[in-house]
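Data file: final_38.cif. Format and content: mmCIF, C-alpha atoms.
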data_model
#
loop_
_atom_site.label_atom_id
_atom_site.label_comp_id
_atom_site.auth_asym_id
_atom_site.auth_seq_id
_atom_site.Cartn_x
_atom_site.Cartn_y
_atom_site.Cartn_z
CA MET E 1 -0.66 10.68 9.44
CA GLU E 2 -4.27 11.83 9.43
CA GLY E 3 -4.78 11.61 5.69
CA PRO E 4 -2.95 11.43 2.40
CA PHE E 5 -1.37 14.73 1.34
CA TRP E 6 -3.48 14.69 -1.86
CA GLY E 7 -6.75 14.44 0.08
CA GLY E 8 -9.44 11.81 -0.05
CA THR E 9 -9.12 8.27 1.22
CA CYS E 10 -6.30 5.83 0.52
CA GLU E 11 -7.51 2.20 0.58
CA VAL E 12 -4.02 0.92 1.36
CA LYS E 13 -3.55 3.34 4.29
CA SER E 14 -7.01 2.51 5.65
CA CYS E 15 -6.33 -1.22 5.44
CA CYS E 16 -2.96 -0.92 7.20
CA GLU E 17 -4.49 1.15 9.98
CA LYS E 18 -7.45 -1.22 10.37
CA ASN E 19 -5.11 -4.22 10.65
CA LYS E 20 -2.51 -2.34 12.74
CA TYR E 21 0.28 -2.84 10.19
CA ASP E 22 3.14 -0.34 9.85
CA HIS E 23 2.97 -0.96 6.10
CA CYS E 24 1.40 -3.51 3.79
CA GLY E 25 4.67 -5.41 3.26
CA VAL E 26 3.99 -7.24 6.53
CA CYS E 27 0.46 -8.32 5.57
CA PRO E 28 -0.04 -12.06 4.94
CA GLU E 29 -2.14 -11.15 1.86
CA PHE E 30 0.68 -9.07 0.34
CA PRO E 31 0.56 -8.11 -2.45
CA CYS E 32 -3.21 -7.77 -2.42
CA GLU E 33 -5.45 -6.77 -5.31
CA VAL E 34 -5.78 -3.18 -4.03
CA LEU E 35 -2.02 -2.63 -3.95
CA SER E 36 -1.43 -4.51 -7.20
CA ASN E 37 -3.83 -2.22 -9.06
CA MET E 38 -3.13 1.05 -7.25
CA GLY E 39 -2.38 3.85 -9.71
CA LYS E 40 -2.88 1.79 -12.87
CA GLU E 41 -5.83 3.94 -13.96
CA GLN E 42 -3.56 6.98 -13.76
CA GLY E 43 -0.83 5.28 -15.80
CA PHE E 44 1.47 4.33 -12.91
CA ASP E 45 3.24 1.00 -12.54
CA PRO E 46 2.45 -0.43 -9.07
CA THR E 47 5.45 -2.79 -9.26
CA ILE E 48 7.75 -0.13 -7.78
CA LYS E 49 5.53 0.28 -4.69
CA ILE E 50 5.21 -3.47 -4.28
CA GLU E 51 8.99 -3.98 -4.41
CA LYS E 52 9.55 -1.18 -1.86
CA CYS E 53 7.02 -2.75 0.54
CA ARG E 54 8.69 -6.12 0.05
CA GLU E 55 12.05 -4.50 0.91
CA TRP E 56 10.59 -2.83 4.03
CA SER E 57 9.20 -6.15 5.24
CA THR E 58 12.76 -7.42 5.75
CA PHE E 59 13.61 -4.75 8.37
#
Please rewrite the model in this file as structure tokens.
Amino acid sequence: MEGPFWGGTCEVKSCCEKNKYDHCGVCPEFPCEVLSNMGKEQGFDPTIKIEKCREWSTF
């Protein structure tokens, strides 16, 4: 994927690409501060994303 469908830069996507991770659930720093706060300013609960990444890390 070249970029997020909403445009701009996604810090999580950039980090995964830089570290060659398929997703952040496999990162030793998971869940990091970036992921833990992602979307909070817009009123979203990041817990759902974190749990999904945790689930993916078991595959």
Original post:
With only C-alpha atoms as the basis for distance, which of E:Cys16, E:Gly39, E:Gly25, E:Cys32 is at the shortest distance from E:Glu51?
Top reply: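 Ranked by minimum distance to E:Glu51, first place goes to E:Gly25.
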Subject >> Selected residue, from E:Gly8, E:Glu17, E:Ile50, E:Phe59, that lies nearest to E:Met38 when counting only C-alpha atoms >> reply: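 When distances to E:Met38 are compared using only C-alpha atoms, the smallest one comes from E:Ile50.
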Written as a PDB file with C-alpha atoms, keeping the file's coordinate frame, which residues does the PyMOL selection byres ((chain E and resi 49) around 12) give for the file shown?
ATOM      1  CA  VAL E  12      -4.020   0.920   1.360  1.00  0.00           C
ATOM      2  CA  HIS E  23       2.970  -0.960   6.100  1.00  0.00           C
ATOM      3  CA  CYS E  24       1.400  -3.510   3.790  1.00  0.00           C
ATOM      4  CA  GLY E  25       4.670  -5.410   3.260  1.00  0.00           C
ATOM      5  CA  PHE E  30       0.680  -9.070   0.340  1.00  0.00           C
ATOM      6  CA  PRO E  31       0.560  -8.110  -2.450  1.00  0.00           C
ATOM      7  CA  VAL E  34      -5.780  -3.180  -4.030  1.00  0.00           C
ATOM      8  CA  LEU E  35      -2.020  -2.630  -3.950  1.00  0.00           C
ATOM      9  CA  SER E  36      -1.430  -4.510  -7.200  1.00  0.00           C
ATOM     10  CA  ASN E  37      -3.830  -2.220  -9.060  1.00  0.00           C
ATOM     11  CA  MET E  38      -3.130   1.050  -7.250  1.00  0.00           C
ATOM     12  CA  GLY E  39      -2.380   3.850  -9.710  1.00  0.00           C
ATOM     13  CA  LYS E  40      -2.880   1.790 -12.870  1.00  0.00           C
ATOM     14  CA  PHE E  44       1.470   4.330 -12.910  1.00  0.00           C
ATOM     15  CA  ASP E  45       3.240   1.000 -12.540  1.00  0.00           C
ATOM     16  CA  PRO E  46       2.450  -0.430  -9.070  1.00  0.00           C
ATOM     17  CA  THR E  47       5.450  -2.790  -9.260  1.00  0.00           C
ATOM     18  CA  ILE E  48       7.750  -0.130  -7.780  1.00  0.00           C
ATOM     19  CA  ILE E  50       5.210  -3.470  -4.280  1.00  0.00           C
ATOM     20  CA  GLU E  51       8.990  -3.980  -4.410  1.00  0.00           C
ATOM     21  CA  LYS E  52       9.550  -1.180  -1.860  1.00  0.00           C
ATOM     22  CA  CYS E  53       7.020  -2.750   0.540  1.00  0.00           C
ATOM     23  CA  ARG E  54       8.690  -6.120   0.050  1.00  0.00           C
ATOM     24  CA  GLU E  55      12.050  -4.500   0.910  1.00  0.00           C
ATOM     25  CA  TRP E  56      10.590  -2.830   4.030  1.00  0.00           C
TER      26      TRP E  56
END
Original post:
Interatomic distance between atom CA of E:Ser57 and atom CA of E:Glu29?
Top reply: 12.8 Å
